[in-house]
$ cat model-v3.cif   # mmCIF, C-alpha atoms
data_upload
#
loop_
_atom_site.label_atom_id
_atom_site.label_comp_id
_atom_site.auth_asym_id
_atom_site.auth_seq_id
_atom_site.Cartn_x
_atom_site.Cartn_y
_atom_site.Cartn_z
CA MET A 177 0.00 0.00 0.00
CA VAL A 178 2.94 2.35 0.61
CA PRO A 179 3.83 2.74 -3.10
CA PHE A 180 0.17 3.53 -3.83
CA PHE A 181 0.09 6.42 -1.36
CA GLN A 182 3.47 7.64 -2.59
CA ASN A 183 2.15 7.74 -6.17
CA LEU A 184 -1.01 9.50 -4.99
CA ASN A 185 1.08 12.11 -3.16
CA ASN A 186 3.24 12.62 -6.26
CA PHE A 187 0.08 13.14 -8.33
CA PHE A 188 -1.17 15.92 -6.03
CA ILE A 189 2.26 17.55 -6.01
CA HIS A 190 2.19 17.43 -9.83
CA CYS A 191 -1.27 19.04 -9.86
CA LYS A 192 -0.10 21.82 -7.55
CA SER A 193 3.17 22.54 -9.34
CA GLN A 194 2.00 22.14 -12.94
CA LEU A 195 -1.74 22.79 -13.00
CA LEU A 196 -2.19 25.65 -10.51
CA PHE A 197 1.25 27.18 -9.88
CA PRO A 198 3.65 26.17 -12.66
CA PRO A 199 7.13 27.69 -13.09
CA THR A 200 5.73 30.04 -15.78
CA PHE A 201 3.10 31.47 -13.42
CA PRO A 202 3.25 35.28 -12.89
CA ARG A 203 5.72 36.34 -10.23
CA GLY A 204 6.37 39.59 -8.45
CA GLN A 205 3.87 42.33 -7.81
CA ASN A 206 0.35 41.08 -6.97
CA ALA A 207 1.34 37.53 -7.95
CA MET A 208 -0.32 36.08 -4.86
CA MET A 209 -3.60 37.81 -5.70
CA ILE A 210 -3.41 36.39 -9.24
CA ARG A 211 -2.83 32.94 -7.78
CA ILE A 212 -5.78 33.24 -5.40
CA LEU A 213 -8.12 34.33 -8.19
CA THR A 214 -6.83 31.61 -10.51
CA VAL A 215 -7.70 29.00 -7.89
CA PHE A 216 -11.08 30.71 -7.38
CA TYR A 217 -12.01 30.64 -11.08
CA CYS A 218 -10.73 27.07 -11.45
CA ALA A 219 -12.96 26.07 -8.54
CA LEU A 220 -15.85 27.96 -10.13
CA PHE A 221 -15.46 26.07 -13.42
CA ALA A 222 -15.32 22.73 -11.60
CA SER A 223 -18.24 23.62 -9.31
CA PHE A 224 -20.78 23.26 -12.13
CA PHE A 225 -20.52 19.48 -11.65
CA ILE A 226 -20.59 19.57 -7.85
CA LEU A 227 -22.41 22.55 -6.35
CA GLY A 228 -26.08 23.47 -6.60
CA THR A 229 -27.36 26.99 -7.21
CA ASN A 230 -27.19 28.19 -3.60
CA ALA A 231 -23.77 26.69 -2.90
CA GLN A 232 -22.34 28.09 -6.12
CA ARG A 233 -23.82 31.49 -5.32
CA ASN A 234 -22.14 31.39 -1.89
CA LEU A 235 -18.84 30.54 -3.55
CA MET A 236 -19.20 33.58 -5.79
CA TYR A 237 -20.11 35.77 -2.83
CA ALA A 238 -16.95 34.60 -1.05
CA GLY A 239 -14.82 35.81 -3.95
CA MET A 240 -16.34 39.29 -4.17
CA PRO A 241 -13.86 41.09 -1.81
CA PHE A 242 -10.86 39.66 -3.69
CA LEU A 243 -12.36 40.50 -7.06
CA GLY A 244 -13.19 44.05 -5.99
CA TYR A 245 -9.67 44.63 -4.69
CA PHE A 246 -8.14 43.11 -7.82
CA LEU A 247 -10.22 45.42 -10.03
CA TYR A 248 -9.17 48.42 -7.98
CA ILE A 249 -5.44 47.78 -8.29
CA HIS A 250 -5.82 47.13 -12.05
CA ARG A 251 -8.28 49.94 -12.77
CA GLN A 252 -5.99 51.57 -15.35
CA PHE A 253 -6.06 48.38 -17.42
CA PHE A 254 -9.43 49.37 -18.89
CA GLN A 255 -8.19 52.75 -20.12
CA ASP A 256 -6.27 51.16 -22.98
CA ARG A 257 -8.20 51.63 -26.24
CA ARG A 258 -6.58 48.57 -27.76
CA LEU A 259 -8.96 46.45 -25.70
CA ILE A 260 -11.81 47.55 -27.97
CA SER A 261 -12.89 44.96 -30.52
CA LEU A 262 -16.05 44.01 -32.38
CA SER A 263 -16.63 41.11 -29.99
CA LEU A 264 -16.28 43.38 -26.95
CA ILE A 265 -18.61 45.99 -28.49
CA GLY A 266 -21.20 43.31 -29.21
CA LEU A 267 -20.86 41.85 -25.72
CA CYS A 268 -21.13 45.22 -23.97
CA GLY A 269 -24.00 46.28 -26.23
CA TYR A 270 -25.87 43.05 -25.47
CA PHE A 271 -25.30 43.52 -21.74
CA LEU A 272 -26.39 47.16 -21.76
CA ILE A 273 -29.57 46.69 -23.82
CA ASN A 274 -30.62 43.88 -21.50
CA TYR A 275 -30.30 45.95 -18.37
CA ILE A 276 -31.54 49.21 -19.87
CA SER A 277 -34.67 47.25 -20.79
CA ILE A 278 -35.48 47.06 -17.07
CA LEU A 279 -36.73 50.64 -17.48
CA TRP A 280 -39.67 49.53 -19.66
CA SER A 281 -40.22 46.17 -17.96
CA HIS A 282 -43.41 45.23 -16.11
CA PRO A 283 -42.26 42.90 -13.33
CA GLY A 284 -44.99 40.84 -11.75
CA ASP A 285 -43.24 41.02 -8.39
CA GLY A 286 -40.29 42.74 -6.77
CA GLU A 287 -38.29 39.50 -6.51
CA LYS A 288 -37.78 39.19 -10.26
CA LEU A 289 -36.74 42.84 -10.52
CA LEU A 290 -34.25 42.36 -7.67
CA GLN A 291 -32.80 39.26 -9.37
CA ARG A 292 -32.14 41.19 -12.55
CA LEU A 293 -30.71 44.22 -10.73
CA LYS A 294 -28.26 42.03 -8.79
CA MET A 295 -26.72 40.92 -12.04
CA LEU A 296 -25.74 44.53 -12.77
CA VAL A 297 -23.15 43.97 -10.05
CA PHE A 298 -22.37 40.30 -10.64
CA PHE A 299 -21.57 40.45 -14.34
CA PRO A 300 -18.97 43.27 -14.25
CA LEU A 301 -17.50 42.12 -10.94
CA TYR A 302 -16.79 38.59 -12.17
CA LEU A 303 -16.15 39.12 -15.87
CA ALA A 304 -13.87 42.18 -15.71
CA PRO A 305 -11.24 40.42 -13.50
CA PHE A 306 -11.55 37.39 -15.77
CA LEU A 307 -10.60 39.59 -18.73
CA VAL A 308 -7.61 41.04 -16.85
CA LEU A 309 -6.40 37.59 -15.81
CA CYS A 310 -6.58 36.35 -19.40
CA HIS A 311 -4.02 39.07 -20.18
CA LEU A 312 -1.78 38.82 -17.13
CA SER A 313 -1.46 35.03 -17.15
CA LYS A 314 -1.02 33.47 -20.56
CA ASP A 315 -2.20 30.05 -19.31
CA PHE A 316 -5.04 31.23 -17.10
CA TRP A 317 -7.83 30.16 -19.47
CA ILE A 318 -6.46 26.68 -20.09
CA ARG A 319 -6.13 26.10 -16.34
CA CYS A 320 -9.82 26.88 -15.91
CA VAL A 321 -10.67 24.52 -18.76
CA THR A 322 -8.45 21.81 -17.26
CA SER A 323 -10.24 22.04 -13.90
CA TYR A 324 -13.57 21.80 -15.74
CA VAL A 325 -12.49 18.64 -17.61
CA MET A 326 -11.00 17.02 -14.49
CA ALA A 327 -14.24 17.63 -12.57
CA ALA A 328 -16.23 16.16 -15.47
CA VAL A 329 -14.17 12.97 -15.59
CA ILE A 330 -14.13 12.43 -11.81
CA THR A 331 -17.81 13.19 -11.20
CA GLY A 332 -18.81 11.38 -14.40
CA ALA A 333 -17.14 8.16 -13.25
CA ALA A 334 -18.68 8.52 -9.78
CA LEU A 335 -22.09 9.20 -11.33
CA ILE A 336 -22.01 6.04 -13.43
CA THR A 337 -20.85 3.97 -10.45
CA ALA A 338 -23.53 5.35 -8.14
CA ASN A 339 -26.34 4.74 -10.65
CA LEU A 340 -25.44 1.30 -12.00
CA GLU A 341 -28.74 -0.27 -10.93
CA ASN A 342 -30.84 2.52 -12.45
CA LEU A 343 -28.77 2.50 -15.64
CA TYR A 344 -29.35 -1.24 -15.99
CA HIS A 345 -33.05 -0.40 -16.35
CA LEU A 346 -32.18 2.43 -18.78
CA GLU A 347 -33.51 5.15 -16.50
CA ARG A 348 -32.65 8.73 -17.44
CA LEU A 349 -29.41 9.92 -15.87
CA SER A 350 -29.03 13.21 -14.03
CA GLY A 351 -26.00 14.45 -12.14
CA TRP A 352 -25.07 16.58 -9.17
CA GLY A 353 -24.81 20.32 -8.81
CA ARG A 354 -25.89 22.25 -11.88
CA ALA A 355 -26.03 18.92 -13.72
CA GLY A 356 -29.08 17.89 -11.65
CA ASN A 357 -31.30 18.47 -14.68
CA PRO A 358 -30.78 15.78 -17.37
CA VAL A 359 -30.49 18.39 -20.14
CA GLN A 360 -27.90 20.40 -18.19
CA CYS A 361 -26.13 17.15 -17.33
CA GLY A 362 -25.91 16.23 -21.03
CA LEU A 363 -24.68 19.71 -21.90
CA LEU A 364 -21.91 19.86 -19.29
CA TYR A 365 -20.58 16.37 -19.96
CA GLY A 366 -20.96 16.72 -23.74
CA ILE A 367 -18.72 19.79 -23.73
CA ALA A 368 -16.13 17.98 -21.59
CA PHE A 369 -16.13 15.04 -24.04
CA LEU A 370 -15.45 17.30 -27.02
CA ILE A 371 -12.66 19.20 -25.25
CA ILE A 372 -10.93 15.94 -24.36
CA LEU A 373 -11.43 14.58 -27.88
CA PHE A 374 -9.99 17.59 -29.70
CA GLY A 375 -7.95 19.50 -27.14
CA HIS A 376 -6.48 17.07 -24.61
CA SER A 377 -2.95 17.91 -25.73
CA LYS A 378 -3.47 21.51 -24.56
CA LEU A 379 -4.80 20.72 -21.09
CA SER A 380 -2.47 22.05 -18.44
CA GLY A 381 -0.15 19.64 -16.65
CA PHE A 382 -1.34 16.49 -18.44
CA ARG A 383 -0.18 16.99 -22.02
CA ASN A 384 2.20 14.02 -22.10
CA TRP A 385 -0.14 11.36 -20.77
CA PRO A 386 -0.50 8.25 -23.00
CA GLY A 387 -3.31 8.10 -25.55
CA TRP A 388 -5.25 5.28 -23.86
CA VAL A 389 -5.70 7.47 -20.76
CA TRP A 390 -7.34 10.20 -22.83
CA ILE A 391 -9.54 7.68 -24.66
CA LEU A 392 -10.77 6.34 -21.32
CA ALA A 393 -11.22 9.88 -20.00
CA ALA A 394 -13.27 10.87 -23.07
CA LEU A 395 -15.53 7.80 -22.83
CA ILE A 396 -16.67 8.71 -19.33
CA PRO A 397 -18.40 12.06 -20.11
CA LEU A 398 -19.59 10.65 -23.45
CA THR A 399 -21.35 7.82 -21.63
CA ASP A 400 -22.90 10.29 -19.18
CA MET A 401 -24.20 12.45 -22.03
CA ILE A 402 -25.79 9.50 -23.87
CA LEU A 403 -27.44 8.16 -20.70
CA THR A 404 -29.17 11.49 -20.02
CA LYS A 405 -31.37 10.78 -23.08
CA SER A 406 -31.32 14.50 -23.87
CA ARG A 407 -31.77 15.34 -27.54
CA GLY A 408 -30.53 18.93 -27.37
CA PRO A 409 -27.05 18.06 -26.04
CA LEU A 410 -26.76 15.20 -28.55
CA LEU A 411 -27.62 17.53 -31.44
CA ALA A 412 -25.18 20.17 -30.19
CA CYS A 413 -22.45 17.57 -29.68
CA LEU A 414 -22.76 16.24 -33.24
CA VAL A 415 -22.90 19.74 -34.78
CA VAL A 416 -19.87 20.98 -32.83
CA LEU A 417 -17.97 17.76 -33.58
CA GLY A 418 -18.51 18.31 -37.31
CA ALA A 419 -17.74 22.04 -37.04
CA VAL A 420 -14.41 21.46 -35.30
CA LEU A 421 -13.44 18.76 -37.78
CA VAL A 422 -14.06 21.09 -40.73
CA LEU A 423 -13.03 24.49 -39.38
CA ARG A 424 -9.73 23.48 -37.84
CA CYS A 425 -8.48 22.42 -41.30
CA ARG A 426 -6.92 24.92 -43.67
CA ASN A 427 -7.27 22.69 -46.74
CA LEU A 428 -8.73 19.36 -47.88
CA GLY A 429 -5.47 17.58 -47.20
CA ASP A 430 -5.77 18.46 -43.51
CA PHE A 431 -9.31 17.09 -43.42
CA PHE A 432 -8.86 13.67 -45.06
CA THR A 433 -6.74 12.00 -42.40
CA ARG A 434 -7.10 8.75 -40.53
CA ARG A 435 -7.94 10.61 -37.33
CA THR A 436 -10.74 12.52 -39.04
CA LEU A 437 -12.27 9.31 -40.37
CA LEU A 438 -12.07 7.74 -36.92
CA ILE A 439 -13.83 10.75 -35.36
CA ILE A 440 -16.54 10.68 -38.06
CA GLY A 441 -17.05 6.99 -37.26
CA LEU A 442 -17.23 7.87 -33.58
CA GLY A 443 -19.92 10.45 -34.33
CA ALA A 444 -21.96 7.87 -36.23
CA LEU A 445 -21.49 5.44 -33.32
CA ILE A 446 -22.67 8.07 -30.83
CA CYS A 447 -25.79 8.79 -32.87
CA GLY A 448 -26.54 5.10 -33.41
CA GLY A 449 -25.98 4.22 -29.75
CA PHE A 450 -28.17 7.07 -28.59
CA LEU A 451 -31.03 6.07 -30.88
CA ALA A 452 -30.70 2.38 -30.04
CA LEU A 453 -30.92 3.03 -26.31
CA ASN A 454 -33.50 5.79 -26.36
CA TYR A 455 -35.68 5.37 -29.47
CA ASP A 456 -38.91 4.54 -27.62
CA TYR A 457 -38.31 7.33 -25.11
CA ILE A 458 -37.63 9.89 -27.83
CA LYS A 459 -40.70 8.84 -29.82
CA ASP A 460 -42.96 9.22 -26.78
CA ARG A 461 -41.46 12.58 -25.75
CA GLY A 462 -42.47 14.39 -28.95
CA THR A 463 -41.69 18.11 -28.93
CA THR A 464 -42.42 18.50 -25.18
CA GLY A 465 -44.69 21.45 -25.96
CA ARG A 466 -42.04 23.61 -27.59
CA GLY A 467 -44.21 24.32 -30.62
CA GLU A 468 -46.81 26.01 -28.41
CA ILE A 469 -44.15 27.81 -26.39
CA TRP A 470 -42.44 29.19 -29.50
CA ALA A 471 -45.78 30.27 -31.02
CA ARG A 472 -46.53 32.23 -27.85
CA ALA A 473 -43.08 33.84 -27.97
CA ILE A 474 -43.53 34.90 -31.60
CA ASP A 475 -46.90 36.47 -30.76
CA LEU A 476 -45.29 38.44 -27.93
CA THR A 477 -42.55 39.63 -30.27
CA LYS A 478 -45.14 41.16 -32.60
CA ASP A 479 -46.38 43.40 -29.75
CA SER A 480 -42.99 45.07 -29.24
CA PRO A 481 -40.58 44.10 -32.03
CA ILE A 482 -37.88 46.79 -31.64
CA PHE A 483 -37.06 46.91 -27.92
CA GLY A 484 -39.05 44.00 -26.52
CA HIS A 485 -40.88 43.75 -23.21
CA GLY A 486 -37.83 44.09 -20.91
CA ILE A 487 -35.92 41.37 -19.08
CA ALA A 488 -37.70 42.00 -15.76
CA THR A 489 -41.15 41.39 -17.27
CA LYS A 490 -42.53 38.12 -15.98
CA ILE A 491 -44.01 36.12 -18.87
CA MET A 492 -45.47 32.61 -18.71
CA TYR A 493 -45.75 30.27 -21.69
CA PRO A 494 -48.67 27.78 -21.51
CA TYR A 495 -48.34 24.45 -23.31
CA HIS A 496 -49.48 20.84 -23.11
CA LEU A 497 -47.27 17.91 -22.10
CA ASN A 498 -48.67 14.38 -22.37
CA GLY A 499 -52.14 15.87 -22.69
CA GLN A 500 -51.82 17.86 -19.46
CA PRO A 501 -51.69 21.69 -19.32
CA ALA A 502 -48.45 23.20 -18.06
CA GLU A 503 -46.53 26.49 -18.05
CA ALA A 504 -42.92 27.40 -18.79
CA GLY A 505 -41.13 30.44 -17.44
CA HIS A 506 -39.06 31.06 -20.57
CA PRO A 507 -39.34 30.39 -24.33
CA HIS A 508 -36.72 27.60 -24.47
CA SER A 509 -34.60 29.46 -27.00
CA VAL A 510 -32.03 32.18 -26.33
CA TYR A 511 -32.82 33.78 -29.68
CA LEU A 512 -36.57 33.96 -29.16
CA SER A 513 -35.92 35.12 -25.61
CA ALA A 514 -33.78 37.97 -26.93
CA LEU A 515 -36.58 38.96 -29.32
CA VAL A 516 -39.25 38.81 -26.62
CA HIS A 517 -37.34 40.73 -23.94
CA THR A 518 -35.03 43.06 -25.89
CA GLY A 519 -36.47 43.01 -29.41
CA LEU A 520 -34.49 43.22 -32.63
CA VAL A 521 -31.94 45.53 -31.00
CA GLY A 522 -31.04 42.97 -28.34
CA LEU A 523 -30.94 40.11 -30.84
CA PHE A 524 -28.65 42.16 -33.09
CA PHE A 525 -26.07 42.72 -30.33
CA GLN A 526 -26.35 39.11 -29.21
CA LEU A 527 -25.62 37.82 -32.71
CA ILE A 528 -22.78 40.31 -33.22
CA ALA A 529 -21.12 39.11 -30.02
CA LEU A 530 -21.76 35.44 -30.79
CA PHE A 531 -20.58 35.37 -34.41
CA SER A 532 -17.54 37.57 -33.79
CA GLY A 533 -16.62 35.32 -30.86
CA LEU A 534 -16.99 32.19 -33.00
CA LEU A 535 -14.77 33.67 -35.72
CA ILE A 536 -12.07 34.53 -33.19
CA GLY A 537 -12.44 31.05 -31.70
CA VAL A 538 -11.86 29.43 -35.11
CA ASP A 539 -8.80 31.60 -35.74
CA TYR A 540 -7.40 30.81 -32.30
CA MET A 541 -8.07 27.09 -32.80
CA ARG A 542 -6.16 27.08 -36.08
CA ARG A 543 -3.21 29.07 -34.74
CA HIS A 544 -2.76 27.39 -31.36
CA GLY A 545 -4.60 24.08 -31.63
CA ASP A 546 -6.85 24.89 -28.67
CA PRO A 547 -10.56 24.47 -29.58
CA SER A 548 -11.95 24.79 -26.04
CA ALA A 549 -13.35 28.33 -26.30
CA PHE A 550 -14.93 27.58 -29.67
CA ILE A 551 -16.46 24.36 -28.29
CA PHE A 552 -17.99 26.13 -25.28
CA LEU A 553 -19.43 28.92 -27.39
CA CYS A 554 -20.60 26.83 -30.36
CA PHE A 555 -22.19 24.18 -28.12
CA GLY A 556 -24.14 26.91 -26.34
CA ALA A 557 -25.15 28.54 -29.63
CA VAL A 558 -26.60 25.26 -30.94
CA ILE A 559 -28.37 24.15 -27.79
CA GLY A 560 -29.66 27.71 -27.41
CA LEU A 561 -31.90 27.04 -30.40
CA VAL A 562 -34.07 24.70 -28.31
CA ASP A 563 -33.32 25.58 -24.70
CA TYR A 564 -32.49 28.32 -22.19
CA GLY A 565 -34.33 31.53 -21.42
CA GLY A 566 -31.51 33.94 -22.26
CA TYR A 567 -27.82 34.48 -21.59
CA TYR A 568 -28.55 37.19 -19.02
CA THR A 569 -29.99 34.79 -16.42
CA ASN A 570 -28.31 34.81 -13.04
CA LEU A 571 -25.72 32.17 -12.14
CA SER A 572 -26.79 29.54 -14.65
CA THR A 573 -24.76 27.35 -16.99
CA THR A 574 -24.97 30.20 -19.53
CA TRP A 575 -21.85 31.55 -17.80
CA ILE A 576 -19.89 28.52 -19.00
CA ILE A 577 -21.29 28.48 -22.57
CA PHE A 578 -21.35 32.22 -23.26
CA TRP A 579 -19.95 34.74 -20.81
CA PHE A 580 -16.62 33.17 -19.82
CA PRO A 581 -15.60 32.00 -23.32
CA MET A 582 -16.73 35.32 -24.82
CA VAL A 583 -14.60 37.30 -22.36
CA PHE A 584 -11.59 35.09 -23.10
CA LEU A 585 -12.08 35.59 -26.84
CA CYS A 586 -12.34 39.36 -26.28
CA ALA A 587 -8.93 39.09 -24.60
CA VAL A 588 -7.65 37.19 -27.63
CA ALA A 589 -9.04 39.85 -29.98
CA ALA A 590 -7.27 42.58 -28.01
CA ARG A 591 -3.95 41.05 -29.06
CA GLY A 592 -3.34 41.58 -32.74
CA ASP A 593 -1.46 38.29 -33.14
CA ARG A 594 -4.04 36.25 -31.17
CA ALA A 595 -1.16 35.24 -28.90
CA VAL A 596 -2.86 34.36 -25.65
CA GLY A 597 -2.88 31.05 -23.80
CA GLY A 598 -1.48 27.70 -24.78
CA GLY A 599 2.12 28.71 -24.19
CA ALA A 600 2.00 31.73 -26.48
CA THR A 601 4.52 34.53 -26.16
CA ILE A 602 3.48 37.90 -24.80
CA ASN A 603 4.29 40.44 -27.48
CA SER A 604 5.28 44.06 -27.08
CA ARG A 605 1.72 45.25 -27.57
CA GLN A 606 0.59 43.09 -24.66
CA LYS A 607 3.44 44.28 -22.48
CA THR A 608 2.20 47.83 -23.00
CA ILE A 609 -1.29 46.81 -21.88
CA GLU A 610 0.09 45.06 -18.80
CA SER A 611 2.27 47.99 -17.84
CA SER A 612 -0.67 50.38 -18.11
CA ALA A 613 -2.78 47.98 -16.05
CA THR A 614 -0.27 47.86 -13.18
CA ALA A 615 0.89 51.49 -13.26
CA GLU A 616 0.51 53.44 -10.01
CA THR A 617 -0.07 50.18 -8.14
CA ALA A 618 1.62 49.92 -4.78
CA PRO A 619 3.69 46.80 -4.06
CA SER A 620 1.69 44.07 -2.37
CA ASN A 621 2.85 41.76 0.42
CA LEU A 622 -0.02 39.32 -0.12
#
$ encode --input "model-v3.cif" --output "structure tokens"
Amino acid sequence: MVPFFQNLNNFFIHCKSQLLFPPTFPRGQNAMMIRILTVFYCALFASFFILGTNAQRNLMYAGMPFLGYFLYIHRQFFQDRRLISLSLIGLCGYFLINYISILWSHPGDGEKLLQRLKMLVFFPLYLAPFLVLCHLSKDFWIRCVTSYVMAAVITGAALITANLENLYHLERLSGWGRAGNPVQCGLLYGIAFLIILFGHSKLSGFRNWPGWVWILAALIPLTDMILTKSRGPLLACLVVLGAVLVLRCRNLGDFFTRRTLLIIGLGALICGGFLALNYDYIKDRGTTGRGEIWARAIDLTKDSPIFGHGIATKIMYPYHLNGQPAEAGHPHSVYLSALVHTGLVGLFFQLIALFSGLLIGVDYMRRHGDPSAFIFLCFGAVIGLVDYGGYYTNLSTTWIIFWFPMVFLCAVAARGDRAVGGGATINSRQKTIESSATAETAPSNL
């Protein structure tokens, strides 16, 4: 048993030295604060598989003093005009139109209005430091992604083990934390599967592991996604799989490789396995009332097509499920939700941010071989066709499929050579941004 514990101890030392605090980690002024916030964001990424809404909210509350202090000491960072990009303009425009729309909203109760107003603090307080950290630490993003993938593999294996009896009877799988809903479970594990499949060589601290380890690691979240019996995540997984296969290639010669053919075969196997296990369930589920929900949303759009009804307006969507009347609290589509609540103006900014982010993600994937940001964003864009009530919702998985990857890609766009993350070199333009961000900052003993 002694060698086992020695190996386990060596593994944790490796995680600490290579994953969280590698030799290339920022040193010197405010380095300890950067380390603390890196651990915080890594924990936040992993917490989607572990913590429920209240626990995750408490985790975010705990980080607020550190984030506020970090923003204060780096306040001059945001004065640099080179941060401005089309993706950042679209993102800020989308955020502003959403929260300006509170002025013409008709909230049914004060609680909904308070929920929306809280996000005026939450979004800037958590996303602005994330943007700064993407500049100050060239590997910050990939460390967050690595923690996300590690949490997916560990909890995915535990989830399968804990539900073996239920899975034998082909019952629908749901996870822990934010994966408690089968659709959210399929989404979170589907993203992890794709990142392992296409980007395992970029994951921090584990790049030299043998191929069979990564194959086993990829099969775990894939199995979880299939067993959720969720059609939206399956559709998004297949679309993103095809998109990455095509868009990462610069010519036909790059596409027609043995690995590509193997991945195409894997996609066909995923689709066939899903249908074989869940055909009767899918046939009985039908559209789950989405046709009625979307018809109601389109009717509401006609009443206020330009600016919408406001994000604080409480709207219910009646529908029928298995012959029984029911109501939904959102239109099950981020695009229809944008039209209903912020009109054509809000949808315009949302699409500007989304498409500009996807283009930057493709460029970054081709240059550095890291598809993680594109996978997060594209997966969310596809599943947003049939699910979610909007990207502006508080503390939901929309943070992982829209806000965090979009902010990272805004950081990439701010560097003219796209050199951020994945071991890239900080160029002179970035050094200027960093120096302006840390100017007039007193030395810290943290």
$ resolve_selection --input "model-v3.cif" --expression "the PyMOL selection byres ((chain A and resi 537-553) around 8)" --output "JSON, numbers by chain"
{"A": [321, 367, 370, 371, 374, 375, 378, 416, 420, 423, 424, 425, 426, 530, 533, 534, 535, 536, 554, 555, 556, 557, 576, 577, 578, 581, 582, 584, 585, 588, 594, 598]}
$ atom_distance --input "model-v3.cif" --atom1 "atom CA of Tyr270 of chain A" --atom2 "atom CA of Ala529 of chain A"
7.7 Å
$ resolve_selection --input "model-v3.cif" --expression "the PyMOL selection byres ((chain A and resi 567) around 10)" --output "ChimeraX atom specification"
/A:270-271,274,510-511,513-514,526,556,560,564-566,568-575,577-579
$ residues_around --input "model-v3.cif" --residues "segment 333-338 of chain A" --least-positions-apart "3" --cutoff "12 Å" --atoms "all atoms listed in the file" --output "PyMOL selection string"
chain A and resi 225-226+326-330+341-344+347-353+355-356+361+365+392-404
$ residues_around --input "model-v3.cif" --residues "His508 of chain A" --least-positions-apart "2" --cutoff "12 Å" --atoms "all atoms listed in the file" --output "PyMOL selection string"
chain A and resi 359+408+463-473+492-493+503-506+510-514+516+559-567
$ closest_residue --input "model-v3.cif" --among "A:Ser380, A:Gln252, A:Ser277, A:Asn234" --to "Trp317 of chain A" --atoms "only C-alpha atoms"
A:Ser380
